[in-house]
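Q: The structure's right below; bear with me while I get my questions together.
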Amino acid sequence: MSTIAFVGLGIMGSPMAVHLQRAGHEVRGYNRSPEKTRALAEAGGTVVASVAEAVAGADVVALMVSDTPDVEAVLTGEGRGGDGVLGHARQGALVIDFSTIRPDVTVRLAQAAREQGLGYLDAPVSGGEAGAKNAALSVMVGGSEEDFARGREVLEVVGRTVVHVGPTGSGQTVKAANQLIVAGNIALLAEAIVFLEGYGVDTAAAVRVLGGGLAGSAVLEQKADKMLQRSFDPGFRVDLHHKDLGILTAAAREAGVVTPLGSAVAQLMAAARAGGHGDLDHSALFHLIASLSGRD
(Lines give C-alpha, C1' and ligand atoms only; values in the text may rest on other atoms or scores of the structure.)
Protein backbone atom coordinates (compact mmCIF):
# COMPACT_ATOMS: atom_id res chain seq x y z
CA MET A 1 0.00 0.00 0.00
CA SER A 2 1.12 3.57 -0.72
CA THR A 3 1.40 6.74 1.29
CA ILE A 4 -0.77 9.22 -0.60
CA ALA A 5 -0.87 12.99 -0.21
CA PHE A 6 -4.29 14.23 -1.33
CA VAL A 7 -4.58 17.96 -1.96
CA GLY A 8 -8.12 19.27 -2.50
CA LEU A 9 -10.92 17.69 -0.46
CA GLY A 10 -13.98 19.27 -2.01
CA ILE A 11 -17.10 17.69 -3.51
CA MET A 12 -15.00 15.31 -5.62
CA GLY A 13 -11.73 15.04 -3.74
CA SER A 14 -13.15 14.17 -0.33
CA PRO A 15 -14.90 10.91 -1.33
CA MET A 16 -11.95 9.94 -3.55
CA ALA A 17 -9.52 10.36 -0.64
CA VAL A 18 -11.86 8.38 1.63
CA HIS A 19 -11.98 5.49 -0.85
CA LEU A 20 -8.17 5.41 -1.00
CA GLN A 21 -7.89 5.37 2.79
CA ARG A 22 -10.45 2.57 3.09
CA ALA A 23 -8.61 0.59 0.40
CA GLY A 24 -5.64 0.36 2.76
CA HIS A 25 -3.52 3.29 1.64
CA GLU A 26 -2.22 5.83 4.15
CA VAL A 27 -3.79 9.10 3.06
CA ARG A 28 -2.63 12.51 4.28
CA GLY A 29 -5.13 15.16 3.22
CA TYR A 30 -4.86 18.92 2.90
CA ASN A 31 -7.57 21.42 2.07
CA ARG A 32 -7.56 25.19 2.47
CA SER A 33 -11.02 25.00 4.11
CA PRO A 34 -10.43 22.72 7.13
CA GLU A 35 -14.12 21.87 7.55
CA LYS A 36 -13.96 19.83 4.34
CA THR A 37 -11.39 17.44 5.84
CA ARG A 38 -13.81 15.84 8.30
CA ALA A 39 -14.82 12.85 6.13
CA LEU A 40 -11.20 11.81 5.60
CA ALA A 41 -10.43 12.10 9.31
CA GLU A 42 -13.48 10.00 10.17
CA ALA A 43 -12.29 7.34 7.70
CA GLY A 44 -8.93 7.11 9.51
CA GLY A 45 -6.91 9.41 7.27
CA THR A 46 -4.53 12.08 8.52
CA VAL A 47 -5.39 15.76 8.13
CA VAL A 48 -2.41 18.10 7.81
CA ALA A 49 -1.96 21.86 7.82
CA SER A 50 0.04 22.41 4.62
CA VAL A 51 0.90 21.01 1.20
CA ALA A 52 4.50 20.53 2.35
CA GLU A 53 3.41 18.40 5.29
CA ALA A 54 1.09 16.34 3.10
CA VAL A 55 3.65 15.49 0.40
CA ALA A 56 6.75 14.92 2.55
CA GLY A 57 7.80 11.32 1.95
CA ALA A 58 4.61 10.44 0.05
CA ASP A 59 4.72 7.82 -2.71
CA VAL A 60 1.85 9.45 -4.61
CA VAL A 61 0.67 13.07 -4.66
CA ALA A 62 -2.95 13.42 -5.81
CA LEU A 63 -4.46 16.78 -6.73
CA MET A 64 -8.15 17.64 -7.11
CA VAL A 65 -8.50 21.41 -7.26
CA SER A 66 -10.69 23.74 -9.26
CA ASP A 67 -8.74 25.40 -12.05
CA THR A 68 -5.46 25.76 -13.91
CA PRO A 69 -4.02 28.53 -11.66
CA ASP A 70 -4.82 26.42 -8.58
CA VAL A 71 -2.86 23.43 -9.91
CA GLU A 72 0.06 25.71 -10.84
CA ALA A 73 0.09 27.24 -7.35
CA VAL A 74 -0.11 23.89 -5.55
CA LEU A 75 2.73 22.45 -7.65
CA THR A 76 5.08 25.41 -7.75
CA GLY A 77 4.22 27.05 -4.43
CA GLU A 78 3.94 30.45 -6.14
CA GLY A 79 1.74 32.69 -4.03
CA ARG A 80 1.80 30.12 -1.22
CA GLY A 81 5.08 31.05 0.43
CA GLY A 82 6.96 28.23 -1.29
CA ASP A 83 4.48 25.64 0.01
CA GLY A 84 4.43 23.63 -3.22
CA VAL A 85 4.66 20.01 -4.30
CA LEU A 86 7.78 20.45 -6.45
CA GLY A 87 9.74 21.85 -3.55
CA HIS A 88 8.81 19.19 -1.01
CA ALA A 89 7.97 15.88 -2.73
CA ARG A 90 10.54 13.10 -2.54
CA GLN A 91 12.49 11.93 -5.59
CA GLY A 92 10.55 9.29 -7.50
CA ALA A 93 7.10 10.23 -6.19
CA LEU A 94 4.24 10.10 -8.69
CA VAL A 95 1.99 13.15 -9.14
CA ILE A 96 -1.56 12.35 -10.27
CA ASP A 97 -3.56 15.43 -11.20
CA PHE A 98 -7.28 14.59 -11.13
CA SER A 99 -8.19 18.25 -11.78
CA THR A 100 -9.52 19.52 -15.09
CA ILE A 101 -7.13 22.13 -16.51
CA ARG A 102 -5.62 23.37 -19.77
CA PRO A 103 -3.73 20.69 -21.76
CA ASP A 104 -0.88 23.04 -22.67
CA VAL A 105 -0.28 23.97 -19.04
CA THR A 106 -0.38 20.29 -18.11
CA VAL A 107 2.49 19.60 -20.52
CA ARG A 108 4.54 22.40 -18.98
CA LEU A 109 3.86 21.34 -15.39
CA ALA A 110 4.63 17.70 -16.16
CA GLN A 111 7.99 18.72 -17.61
CA ALA A 112 8.78 20.74 -14.49
CA ALA A 113 7.84 17.74 -12.33
CA ARG A 114 10.06 15.39 -14.32
CA GLU A 115 12.98 17.81 -13.97
CA GLN A 116 12.55 17.37 -10.21
CA GLY A 117 12.63 13.57 -10.53
CA LEU A 118 8.87 13.08 -10.24
CA GLY A 119 6.48 11.03 -12.35
CA TYR A 120 3.35 12.78 -13.64
CA LEU A 121 -0.09 11.74 -14.84
CA ASP A 122 -2.92 14.02 -15.91
CA ALA A 123 -5.99 12.02 -14.92
CA PRO A 124 -9.15 14.14 -15.04
CA VAL A 125 -12.37 12.36 -14.15
CA SER A 126 -15.99 12.30 -15.25
CA GLY A 127 -18.99 11.16 -13.26
CA GLY A 128 -19.63 14.02 -10.89
CA GLU A 129 -20.28 13.79 -7.18
CA ALA A 130 -22.23 10.54 -7.51
CA GLY A 131 -19.36 8.91 -9.41
CA ALA A 132 -16.86 10.05 -6.79
CA LYS A 133 -18.99 8.76 -3.91
CA ASN A 134 -19.58 5.40 -5.61
CA ALA A 135 -15.98 4.97 -6.85
CA ALA A 136 -17.49 4.78 -10.33
CA LEU A 137 -15.64 7.59 -12.08
CA SER A 138 -14.37 7.46 -15.64
CA VAL A 139 -10.67 8.36 -15.53
CA MET A 140 -8.92 9.50 -18.71
CA VAL A 141 -5.17 9.30 -18.18
CA GLY A 142 -2.32 11.03 -19.99
CA GLY A 143 1.35 10.27 -19.36
CA SER A 144 3.98 7.63 -19.98
CA GLU A 145 3.20 3.92 -19.97
CA GLU A 146 5.58 3.53 -17.04
CA ASP A 147 3.85 6.16 -14.91
CA PHE A 148 0.43 4.75 -15.82
CA ALA A 149 1.51 1.30 -14.67
CA ARG A 150 2.78 2.80 -11.40
CA GLY A 151 -0.42 4.71 -10.76
CA ARG A 152 -2.95 2.15 -11.92
CA GLU A 153 -3.60 0.64 -8.49
CA VAL A 154 -4.52 4.07 -7.12
CA LEU A 155 -6.58 5.03 -10.16
CA GLU A 156 -8.63 1.85 -10.03
CA VAL A 157 -9.67 2.53 -6.44
CA VAL A 158 -11.55 5.69 -7.47
CA GLY A 159 -12.55 4.83 -11.04
CA ARG A 160 -14.67 2.16 -12.65
CA THR A 161 -13.38 2.99 -16.15
CA VAL A 162 -9.65 3.76 -16.21
CA VAL A 163 -8.09 4.25 -19.65
CA HIS A 164 -4.61 5.39 -20.69
CA VAL A 165 -5.44 7.71 -23.61
CA GLY A 166 -1.95 8.82 -24.64
CA PRO A 167 1.04 10.99 -23.67
CA THR A 168 1.02 13.91 -21.27
CA GLY A 169 -1.89 16.29 -21.89
CA SER A 170 -4.03 13.64 -23.57
CA GLY A 171 -6.14 13.12 -20.46
CA GLN A 172 -7.00 16.81 -20.34
CA THR A 173 -7.79 16.85 -24.06
CA VAL A 174 -10.17 13.91 -23.73
CA LYS A 175 -11.78 15.56 -20.70
CA ALA A 176 -12.42 18.71 -22.74
CA ALA A 177 -14.18 16.56 -25.35
CA ASN A 178 -16.19 14.93 -22.56
CA GLN A 179 -17.31 18.31 -21.25
CA LEU A 180 -18.33 19.36 -24.75
CA ILE A 181 -20.56 16.30 -25.13
CA VAL A 182 -22.06 16.63 -21.65
CA ALA A 183 -22.85 20.34 -22.05
CA GLY A 184 -24.45 19.76 -25.44
CA ASN A 185 -26.59 16.97 -24.01
CA ILE A 186 -27.68 19.11 -21.07
CA ALA A 187 -28.69 21.97 -23.36
CA LEU A 188 -30.67 19.69 -25.67
CA LEU A 189 -32.33 17.91 -22.75
CA ALA A 190 -33.39 21.28 -21.35
CA GLU A 191 -34.83 22.29 -24.74
CA ALA A 192 -36.68 18.98 -25.02
CA ILE A 193 -38.28 19.33 -21.58
CA VAL A 194 -39.34 22.93 -22.25
CA PHE A 195 -40.80 21.74 -25.57
CA LEU A 196 -42.72 18.92 -23.90
CA GLU A 197 -44.03 21.22 -21.18
CA GLY A 198 -45.16 23.65 -23.86
CA TYR A 199 -47.54 20.97 -25.14
CA GLY A 200 -48.74 19.90 -21.70
CA VAL A 201 -47.28 16.42 -22.07
CA ASP A 202 -46.74 14.19 -19.01
CA THR A 203 -43.04 15.00 -18.89
CA ALA A 204 -42.08 12.29 -16.40
CA ALA A 205 -43.64 9.66 -18.67
CA ALA A 206 -42.03 11.24 -21.72
CA VAL A 207 -38.57 11.18 -20.12
CA ARG A 208 -39.06 7.53 -19.17
CA VAL A 209 -39.83 6.44 -22.72
CA LEU A 210 -37.12 8.65 -24.23
CA GLY A 211 -34.61 7.06 -21.89
CA GLY A 212 -35.43 3.63 -23.32
CA GLY A 213 -34.61 4.61 -26.89
CA LEU A 214 -31.76 6.15 -28.84
CA ALA A 215 -32.25 9.44 -26.99
CA GLY A 216 -31.29 7.73 -23.74
CA SER A 217 -28.06 8.85 -22.10
CA ALA A 218 -26.36 9.22 -18.76
CA VAL A 219 -27.24 12.91 -18.90
CA LEU A 220 -30.93 12.15 -19.36
CA GLU A 221 -30.82 9.56 -16.59
CA GLN A 222 -29.05 11.80 -14.07
CA LYS A 223 -30.25 15.30 -14.97
CA ALA A 224 -33.83 15.08 -16.27
CA ASP A 225 -35.39 14.74 -12.84
CA LYS A 226 -33.46 17.77 -11.60
CA MET A 227 -35.02 19.77 -14.43
CA LEU A 228 -38.51 18.38 -13.86
CA GLN A 229 -38.32 19.10 -10.14
CA ARG A 230 -36.48 22.42 -10.58
CA SER A 231 -34.02 21.12 -8.00
CA PHE A 232 -30.43 22.05 -8.76
CA ASP A 233 -28.33 21.19 -5.72
CA PRO A 234 -24.78 21.05 -7.10
CA GLY A 235 -23.19 17.81 -8.16
CA PHE A 236 -21.10 19.69 -10.74
CA ARG A 237 -21.49 23.44 -10.71
CA VAL A 238 -22.25 25.77 -13.63
CA ASP A 239 -19.10 27.74 -12.67
CA LEU A 240 -16.91 24.69 -13.25
CA HIS A 241 -18.55 23.70 -16.53
CA HIS A 242 -18.18 27.28 -17.73
CA LYS A 243 -14.46 27.02 -16.94
CA ASP A 244 -14.18 23.66 -18.74
CA LEU A 245 -15.88 24.97 -21.88
CA GLY A 246 -13.41 27.84 -21.89
CA ILE A 247 -10.64 25.23 -21.95
CA LEU A 248 -12.39 23.45 -24.83
CA THR A 249 -12.89 26.53 -26.99
CA ALA A 250 -9.30 27.75 -26.42
CA ALA A 251 -7.82 24.32 -27.18
CA ALA A 252 -9.97 23.96 -30.29
CA ARG A 253 -8.77 27.34 -31.55
CA GLU A 254 -5.14 26.32 -30.94
CA ALA A 255 -5.68 23.14 -32.98
CA GLY A 256 -7.54 24.94 -35.78
CA VAL A 257 -10.67 22.89 -35.06
CA VAL A 258 -14.14 24.38 -35.53
CA THR A 259 -16.70 23.61 -32.80
CA PRO A 260 -19.84 25.58 -33.71
CA LEU A 261 -22.17 23.75 -31.33
CA GLY A 262 -19.51 23.81 -28.63
CA SER A 263 -19.13 27.56 -29.00
CA ALA A 264 -22.89 28.03 -28.76
CA VAL A 265 -23.28 25.94 -25.63
CA ALA A 266 -20.25 27.68 -24.09
CA GLN A 267 -22.10 30.98 -24.54
CA LEU A 268 -25.26 29.50 -23.01
CA MET A 269 -23.31 28.28 -19.98
CA ALA A 270 -21.67 31.70 -19.67
CA ALA A 271 -25.11 33.31 -19.74
CA ALA A 272 -26.38 30.93 -17.04
CA ARG A 273 -23.40 31.91 -14.89
CA ALA A 274 -23.94 35.62 -15.55
CA GLY A 275 -27.59 35.12 -14.57
CA GLY A 276 -26.56 34.13 -11.06
CA HIS A 277 -26.69 30.33 -11.41
CA GLY A 278 -22.95 29.65 -11.09
CA ASP A 279 -23.23 27.81 -7.77
CA LEU A 280 -26.02 25.52 -8.99
CA ASP A 281 -25.69 22.17 -10.74
CA HIS A 282 -24.90 22.50 -14.44
CA SER A 283 -28.38 21.14 -15.20
CA ALA A 284 -29.55 24.60 -14.05
CA LEU A 285 -28.78 25.59 -17.64
CA PHE A 286 -32.48 24.67 -17.85
CA HIS A 287 -33.32 28.04 -16.21
CA LEU A 288 -31.76 29.91 -19.13
CA ILE A 289 -33.34 27.71 -21.81
CA ALA A 290 -36.77 27.98 -20.18
CA SER A 291 -36.50 31.73 -19.73
CA LEU A 292 -35.86 32.19 -23.46
CA SER A 293 -39.39 30.82 -23.98
CA GLY A 294 -40.82 32.79 -21.06
CA ARG A 295 -41.39 29.58 -19.10
CA ASP A 296 -38.85 29.70 -16.28
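Residues are referred to by chain and number: the chain letter is A, B, ... according to the order shown in the C-alpha coordinates, the number counts from 1 in that chain, and ligands are numbered separately from 1 in the order shown.
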If we count only C-alpha atoms and set the cut-off at 10 Å, which residues sit around range 256-264 of chain A, ignoring sequence neighbours fewer than 4 positions away in its own chain? Please answer as a short mmCIF file (atom, residue, chain, number, x, y, z; two decimals) with N, CA and C atoms, in the first residue's frame.
A:
data_model
loop_
_atom_site.label_atom_id
_atom_site.label_comp_id
_atom_site.auth_asym_id
_atom_site.auth_seq_id
_atom_site.Cartn_x
_atom_site.Cartn_y
_atom_site.Cartn_z
N ALA A 177 -13.19 17.14 -24.44
CA ALA A 177 -14.18 16.56 -25.35
C ALA A 177 -15.38 16.03 -24.56
N GLN A 179 -16.50 17.18 -21.73
CA GLN A 179 -17.31 18.31 -21.25
C GLN A 179 -18.11 18.95 -22.37
N LEU A 180 -17.59 18.90 -23.59
CA LEU A 180 -18.33 19.36 -24.75
C LEU A 180 -19.59 18.51 -24.95
N ILE A 181 -19.43 17.21 -24.92
CA ILE A 181 -20.56 16.30 -25.13
C ILE A 181 -21.59 16.46 -24.03
N ALA A 183 -22.16 19.05 -21.98
CA ALA A 183 -22.85 20.34 -22.05
C ALA A 183 -23.87 20.37 -23.18
N GLY A 184 -23.50 19.82 -24.33
CA GLY A 184 -24.45 19.76 -25.44
C GLY A 184 -25.67 18.94 -25.10
N ALA A 187 -27.94 20.92 -22.67
CA ALA A 187 -28.69 21.97 -23.36
C ALA A 187 -29.85 21.38 -24.16
N LEU A 245 -15.57 24.63 -20.49
CA LEU A 245 -15.88 24.97 -21.88
C LEU A 245 -14.95 26.06 -22.40
N GLY A 246 -14.44 26.89 -21.49
CA GLY A 246 -13.41 27.84 -21.89
C GLY A 246 -12.14 27.12 -22.30
N LEU A 248 -12.06 24.09 -23.55
CA LEU A 248 -12.39 23.45 -24.83
C LEU A 248 -12.28 24.42 -26.00
N THR A 249 -12.89 25.60 -25.86
CA THR A 249 -12.89 26.53 -26.99
C THR A 249 -11.48 27.06 -27.27
N ALA A 250 -10.68 27.28 -26.21
CA ALA A 250 -9.30 27.75 -26.42
C ALA A 250 -8.46 26.66 -27.07
N ALA A 251 -8.61 25.42 -26.61
CA ALA A 251 -7.82 24.32 -27.18
C ALA A 251 -8.22 24.05 -28.62
N ALA A 252 -9.51 24.17 -28.91
CA ALA A 252 -9.97 23.96 -30.29
C ALA A 252 -9.39 25.02 -31.22
N LEU A 268 -24.09 29.74 -23.86
CA LEU A 268 -25.26 29.50 -23.01
C LEU A 268 -24.84 29.29 -21.55
N MET A 269 -23.78 28.52 -21.34
CA MET A 269 -23.31 28.28 -19.98
C MET A 269 -22.80 29.57 -19.36
N ALA A 270 -22.13 30.40 -20.17
CA ALA A 270 -21.67 31.70 -19.67
C ALA A 270 -22.85 32.58 -19.28
#
Q: Taking the backbone alone, and naming residues the way the document does, which bits of range 65-244 of chain A are alpha helix (DSSP H) by DSSP, as a PyMOL selection string?
A: chain A and resi 68-76+85-88+103-115+128-133+145-158+170-198+203-211+218-229+238-244
Q: Taking the DSSP secondary structure from the backbone, can you list the residues of range 9-215 of chain A that are strand (DSSP E or B), as a ChimeraX atom specification?
A: /A:26-30,46-47,60-63,94-97,119-122,125-126,137-142,159-166
Q: Grab the residues selected above and save them as an mmCIF file, in the first residue's frame with N, CA and C atoms.
A:
data_model
loop_
_atom_site.group_PDB
_atom_site.id
_atom_site.type_symbol
_atom_site.label_atom_id
_atom_site.label_comp_id
_atom_site.auth_asym_id
_atom_site.auth_seq_id
_atom_site.Cartn_x
_atom_site.Cartn_y
_atom_site.Cartn_z
ATOM 1 N N GLU A 26 -2.339 4.813 3.104
ATOM 2 C CA GLU A 26 -2.225 5.825 4.154
ATOM 3 C C GLU A 26 -2.371 7.195 3.496
ATOM 4 N N VAL A 27 -3.495 7.848 3.746
ATOM 5 C CA VAL A 27 -3.795 9.105 3.064
ATOM 6 C C VAL A 27 -3.600 10.280 4.020
ATOM 7 N N ARG A 28 -2.800 11.249 3.568
ATOM 8 C CA ARG A 28 -2.630 12.512 4.284
ATOM 9 C C ARG A 28 -3.298 13.591 3.447
ATOM 10 N N GLY A 29 -4.344 14.209 3.995
ATOM 11 C CA GLY A 29 -5.129 15.157 3.224
ATOM 12 C C GLY A 29 -4.931 16.593 3.645
ATOM 13 N N TYR A 30 -4.944 17.477 2.640
ATOM 14 C CA TYR A 30 -4.861 18.916 2.903
ATOM 15 C C TYR A 30 -5.937 19.634 2.101
ATOM 16 N N THR A 46 -5.220 11.046 7.749
ATOM 17 C CA THR A 46 -4.535 12.081 8.523
ATOM 18 C C THR A 46 -4.750 13.428 7.862
ATOM 19 N N VAL A 47 -5.199 14.396 8.632
ATOM 20 C CA VAL A 47 -5.394 15.757 8.127
ATOM 21 C C VAL A 47 -4.184 16.591 8.520
ATOM 22 N N VAL A 60 2.737 8.897 -3.589
ATOM 23 C CA VAL A 60 1.846 9.452 -4.606
ATOM 24 C C VAL A 60 1.317 10.778 -4.103
ATOM 25 N N VAL A 61 1.267 11.774 -4.986
ATOM 26 C CA VAL A 61 0.673 13.070 -4.663
ATOM 27 C C VAL A 61 -0.520 13.267 -5.594
ATOM 28 N N ALA A 62 -1.726 13.267 -5.034
ATOM 29 C CA ALA A 62 -2.950 13.416 -5.815
ATOM 30 C C ALA A 62 -3.495 14.831 -5.639
ATOM 31 N N LEU A 63 -3.895 15.435 -6.754
ATOM 32 C CA LEU A 63 -4.463 16.782 -6.732
ATOM 33 C C LEU A 63 -5.895 16.736 -7.268
ATOM 34 N N LEU A 94 5.087 9.981 -7.508
ATOM 35 C CA LEU A 94 4.236 10.103 -8.686
ATOM 36 C C LEU A 94 3.137 11.121 -8.410
ATOM 37 N N VAL A 95 3.068 12.158 -9.227
ATOM 38 C CA VAL A 95 1.994 13.151 -9.141
ATOM 39 C C VAL A 95 0.850 12.703 -10.048
ATOM 40 N N ILE A 96 -0.355 12.644 -9.491
ATOM 41 C CA ILE A 96 -1.559 12.351 -10.271
ATOM 42 C C ILE A 96 -2.493 13.541 -10.137
ATOM 43 N N ASP A 97 -2.685 14.261 -11.229
ATOM 44 C CA ASP A 97 -3.564 15.431 -11.198
ATOM 45 C C ASP A 97 -4.946 15.035 -11.704
ATOM 46 N N GLY A 119 7.359 11.489 -11.289
ATOM 47 C CA GLY A 119 6.477 11.033 -12.353
ATOM 48 C C GLY A 119 5.245 11.915 -12.397
ATOM 49 N N TYR A 120 4.502 11.873 -13.508
ATOM 50 C CA TYR A 120 3.350 12.778 -13.638
ATOM 51 C C TYR A 120 2.286 12.157 -14.539
ATOM 52 N N LEU A 121 1.063 12.147 -14.045
ATOM 53 C CA LEU A 121 -0.090 11.737 -14.841
ATOM 54 C C LEU A 121 -1.149 12.823 -14.771
ATOM 55 N N ASP A 122 -1.691 13.215 -15.922
ATOM 56 C CA ASP A 122 -2.921 14.017 -15.915
ATOM 57 C C ASP A 122 -4.071 13.027 -16.032
ATOM 58 N N VAL A 125 -11.320 13.363 -14.344
ATOM 59 C CA VAL A 125 -12.365 12.358 -14.155
ATOM 60 C C VAL A 125 -13.715 12.892 -14.621
ATOM 61 N N SER A 126 -14.609 11.970 -14.920
ATOM 62 C CA SER A 126 -15.989 12.299 -15.252
ATOM 63 C C SER A 126 -16.899 11.394 -14.439
ATOM 64 N N LEU A 137 -16.054 6.558 -11.141
ATOM 65 C CA LEU A 137 -15.635 7.588 -12.076
ATOM 66 C C LEU A 137 -15.039 6.995 -13.350
ATOM 67 N N SER A 138 -15.128 7.758 -14.422
ATOM 68 C CA SER A 138 -14.373 7.464 -15.640
ATOM 69 C C SER A 138 -13.114 8.317 -15.591
ATOM 70 N N VAL A 139 -11.950 7.659 -15.674
ATOM 71 C CA VAL A 139 -10.668 8.362 -15.526
ATOM 72 C C VAL A 139 -9.915 8.276 -16.844
ATOM 73 N N MET A 140 -9.629 9.431 -17.431
ATOM 74 C CA MET A 140 -8.918 9.495 -18.710
ATOM 75 C C MET A 140 -7.495 9.958 -18.428
ATOM 76 N N VAL A 141 -6.513 9.111 -18.726
ATOM 77 C CA VAL A 141 -5.171 9.303 -18.180
ATOM 78 C C VAL A 141 -4.162 9.603 -19.288
ATOM 79 N N GLY A 142 -3.430 10.699 -19.113
ATOM 80 C CA GLY A 142 -2.318 11.031 -19.986
ATOM 81 C C GLY A 142 -1.001 10.879 -19.255
ATOM 82 N N GLY A 159 -11.878 4.856 -9.746
ATOM 83 C CA GLY A 159 -12.547 4.826 -11.040
ATOM 84 C C GLY A 159 -13.025 3.445 -11.437
ATOM 85 N N ARG A 160 -14.154 3.408 -12.099
ATOM 86 C CA ARG A 160 -14.665 2.158 -12.653
ATOM 87 C C ARG A 160 -14.110 1.942 -14.065
ATOM 88 N N THR A 161 -13.947 3.041 -14.801
ATOM 89 C CA THR A 161 -13.382 2.987 -16.149
ATOM 90 C C THR A 161 -12.093 3.791 -16.143
ATOM 91 N N VAL A 162 -10.955 3.111 -16.252
ATOM 92 C CA VAL A 162 -9.646 3.764 -16.212
ATOM 93 C C VAL A 162 -8.933 3.440 -17.517
ATOM 94 N N VAL A 163 -8.662 4.470 -18.318
ATOM 95 C CA VAL A 163 -8.086 4.245 -19.646
ATOM 96 C C VAL A 163 -6.904 5.181 -19.873
ATOM 97 N N HIS A 164 -5.779 4.594 -20.299
ATOM 98 C CA HIS A 164 -4.614 5.391 -20.691
ATOM 99 C C HIS A 164 -4.852 5.870 -22.123
ATOM 100 N N VAL A 165 -5.022 7.183 -22.308
ATOM 101 C CA VAL A 165 -5.442 7.706 -23.613
ATOM 102 C C VAL A 165 -4.300 8.304 -24.420
ATOM 103 N N GLY A 166 -3.071 8.317 -23.867
ATOM 104 C CA GLY A 166 -1.951 8.825 -24.642
ATOM 105 C C GLY A 166 -0.944 9.554 -23.782
#
Q: Considering only C-alpha atoms, can you say which of A:Ile4, A:Ala271, A:Val182, A:Ala110 comes closest to Ala218 in chain A?
A: A:Val182
Q: State, in Å with one decimal place, the distance from CA of His19 in chain A to CA of Ala54 in chain A.
A: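 Taking CA of His19 in chain A as the start and CA of Ala54 in chain A as the end point, the length is 17.4 Å.
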